[in-house]
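K.L.:
Here you go, this is structure.pdb (PDB, C-alpha atoms and all ligand atoms).
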ATOM      1  CA  MET A 221     -32.023 131.522-163.669  1.00  0.00           C
ATOM      2  CA  ASP A 222     -35.060 133.768-163.275  1.00  0.00           C
ATOM      3  CA  SER A 223     -38.409 132.536-164.458  1.00  0.00           C
ATOM      4  CA  HIS A 224     -41.857 134.052-164.801  1.00  0.00           C
ATOM      5  CA  GLN A 225     -45.294 132.673-165.458  1.00  0.00           C
ATOM      6  CA  TRP A 226     -47.162 134.283-168.328  1.00  0.00           C
ATOM      7  CA  PRO A 227     -49.967 133.181-170.620  1.00  0.00           C
ATOM      8  CA  CYS A 228     -48.235 131.829-173.699  1.00  0.00           C
ATOM      9  CA  PRO A 229     -50.163 132.752-176.882  1.00  0.00           C
ATOM     10  CA  SER A 230     -48.593 129.780-178.622  1.00  0.00           C
ATOM     11  CA  CYS A 231     -49.373 127.192-175.929  1.00  0.00           C
ATOM     12  CA  GLY A 232     -52.714 128.865-175.112  1.00  0.00           C
ATOM     13  CA  ASP A 233     -52.103 128.521-171.368  1.00  0.00           C
ATOM     14  CA  ASP A 234     -49.907 129.791-168.552  1.00  0.00           C
ATOM     15  CA  ARG A 235     -46.324 128.672-169.012  1.00  0.00           C
ATOM     16  CA  ASP A 236     -42.966 129.226-167.370  1.00  0.00           C
ATOM     17  CA  PHE A 237     -40.853 131.746-169.223  1.00  0.00           C
ATOM     18  CA  VAL A 238     -37.075 131.761-168.893  1.00  0.00           C
ATOM     19  CA  GLN A 239     -34.458 134.223-170.060  1.00  0.00           C
ATOM     20  CA  PRO A 240     -32.134 132.889-172.691  1.00  0.00           C
ATOM     21  CA  PRO A 241     -28.572 134.247-172.674  1.00  0.00           C
ATOM     22  CA  CYS A 242     -28.770 137.793-174.043  1.00  0.00           C
ATOM     23  CA  VAL A 243     -27.037 138.185-177.393  1.00  0.00           C
ATOM     24  CA  ASP A 244     -28.123 141.785-177.988  1.00  0.00           C
ATOM     25  CA  GLY A 245     -26.033 143.488-175.313  1.00  0.00           C
ATOM     26  CA  HIS A 246     -28.992 144.448-173.101  1.00  0.00           C
ATOM     27  CA  THR A 247     -27.117 143.275-170.018  1.00  0.00           C
ATOM     28  CA  ALA A 248     -23.776 144.810-171.019  1.00  0.00           C
ATOM     29  CA  ASP A 249     -24.418 147.917-168.901  1.00  0.00           C
ATOM     30  CA  GLY A 250     -25.905 145.987-165.998  1.00  0.00           C
ATOM     31  CA  GLY A 251     -29.478 146.289-167.284  1.00  0.00           C
ATOM     32  CA  GLU A 252     -32.040 143.573-167.618  1.00  0.00           C
ATOM     33  CA  CYS A 253     -32.672 141.786-170.872  1.00  0.00           C
ATOM     34  CA  PRO A 254     -36.368 142.218-171.764  1.00  0.00           C
ATOM     35  CA  GLU A 255     -36.496 139.031-173.797  1.00  0.00           C
ATOM     36  CA  TRP A 256     -38.103 135.890-172.420  1.00  0.00           C
ATOM     37  CA  ALA A 257     -38.785 132.532-174.002  1.00  0.00           C
ATOM     38  CA  CYS A 258     -41.502 129.986-173.234  1.00  0.00           C
ATOM     39  CA  ALA A 259     -39.865 127.008-171.571  1.00  0.00           C
ATOM     40  CA  ASP A 260     -42.335 124.737-173.340  1.00  0.00           C
ATOM     41  CA  CYS A 261     -42.505 125.894-176.963  1.00  0.00           C
ATOM     42  CA  GLY A 262     -39.748 128.514-177.107  1.00  0.00           C
ATOM     43  CA  ALA A 263     -42.040 131.374-178.138  1.00  0.00           C
ATOM     44  CA  ALA A 264     -40.311 134.673-177.397  1.00  0.00           C
ATOM     45  CA  VAL A 265     -41.952 137.547-175.580  1.00  0.00           C
ATOM     46  CA  VAL A 266     -40.488 140.939-174.697  1.00  0.00           C
ATOM     47  CA  GLY A 267     -41.004 142.303-171.222  1.00  0.00           C
ATOM     48  CA  GLY A 268     -44.000 140.106-170.523  1.00  0.00           C
ATOM     49  CA  SER A 269     -45.876 141.400-173.518  1.00  0.00           C
ATOM     50  CA  THR A 270     -47.763 138.680-175.321  1.00  0.00           C
ATOM     51  CA  ALA A 271     -47.107 140.343-178.664  1.00  0.00           C
ATOM     52  CA  VAL A 272     -45.174 137.473-180.157  1.00  0.00           C
ATOM     53  CA  ALA A 273     -43.632 138.349-183.486  1.00  0.00           C
ATOM     54  CA  PRO A 274     -44.821 135.309-185.495  1.00  0.00           C
ATOM     55  CA  VAL A 275     -48.392 135.822-184.257  1.00  0.00           C
ATOM     56  CA  ALA A 276     -48.312 139.526-185.126  1.00  0.00           C
ATOM     57  CA  ALA A 277     -47.017 138.712-188.590  1.00  0.00           C
ATOM     58  CA  ARG A 278     -49.799 136.197-189.117  1.00  0.00           C
ATOM     59  CA  LEU A 279     -52.445 138.742-188.060  1.00  0.00           C
ATOM     60  CA  ALA A 280     -50.990 141.382-190.353  1.00  0.00           C
ATOM     61  CA  ARG A 281     -51.131 139.026-193.315  1.00  0.00           C
ATOM     62  CA  ALA A 282     -54.723 137.973-192.543  1.00  0.00           C
ATOM     63  CA  ALA A 283     -55.960 141.577-192.493  1.00  0.00           C
TER      64      ALA A 283
HETATM   65 ZN    ZN B   1     -31.303 140.969-174.523  1.00  0.00          ZN
HETATM   66 ZN    ZN B   2     -45.379 128.266-175.148  1.00  0.00          ZN
END
Could I get this file's structure written as structure tokens?
P.N.:
Amino acid sequence: MDSHQWPCPSCGDDRDFVQPPCVDGHTADGGECPEWACADCGAAVVGGSTAVAPVAARLARAA
């Protein structure tokens, strides 16, 4: 399985990210699934972006 190191906004440090089995059909046409999950805490990122949905939601509510 492929893995990448990215700064995890949830862990607050660099973490290994792994690709969970794609359930959205991204790989059906031979493409790459853009979704990655932190191997430590399970936080999901898309394409290496650190815009994690739960964090974005929290920021939106705080504004
Ligand atoms: Zn996918
Ligand atoms: Zn993490």
K.L.:
Restricting the calculation to all atoms listed in the file, which member of A:Val265, A:Ala248, A:Ala257, A:Val243 is positioned closest to ligand ZN 1 (chain B)?
P.N.:
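Nearest candidate to ligand ZN 1 (chain B) out of A:Val265, A:Ala248, A:Ala257, A:Val243: A:Val243.
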K.L.:
Step by step, work through what the PyMOL selection byres (((chain A and resi 227) around 12) and not hetatm) selects in the shown file, and finish by giving those residues as a PyMOL selection string.
P.N.:
chain A and resi 224-226+228-237+257-260+263-265+268-272
K.L.:
Give as a PyMOL selection string the residues surrounding ligand ZN 1 (chain B) up to a distance of 8 Å, considering all atoms listed in the file.
P.N.:
chain A and resi 241-247+252-255
K.L.:
Which residue is closest to ligand ZN 2 (chain B)? Choose from A:Pro240, A:Asp249, A:Cys261, A:Val266 and count only C-alpha atoms and all ligand atoms.
P.N.:
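Among the listed residues, A:Cys261 lies closest to ligand ZN 2 (chain B).
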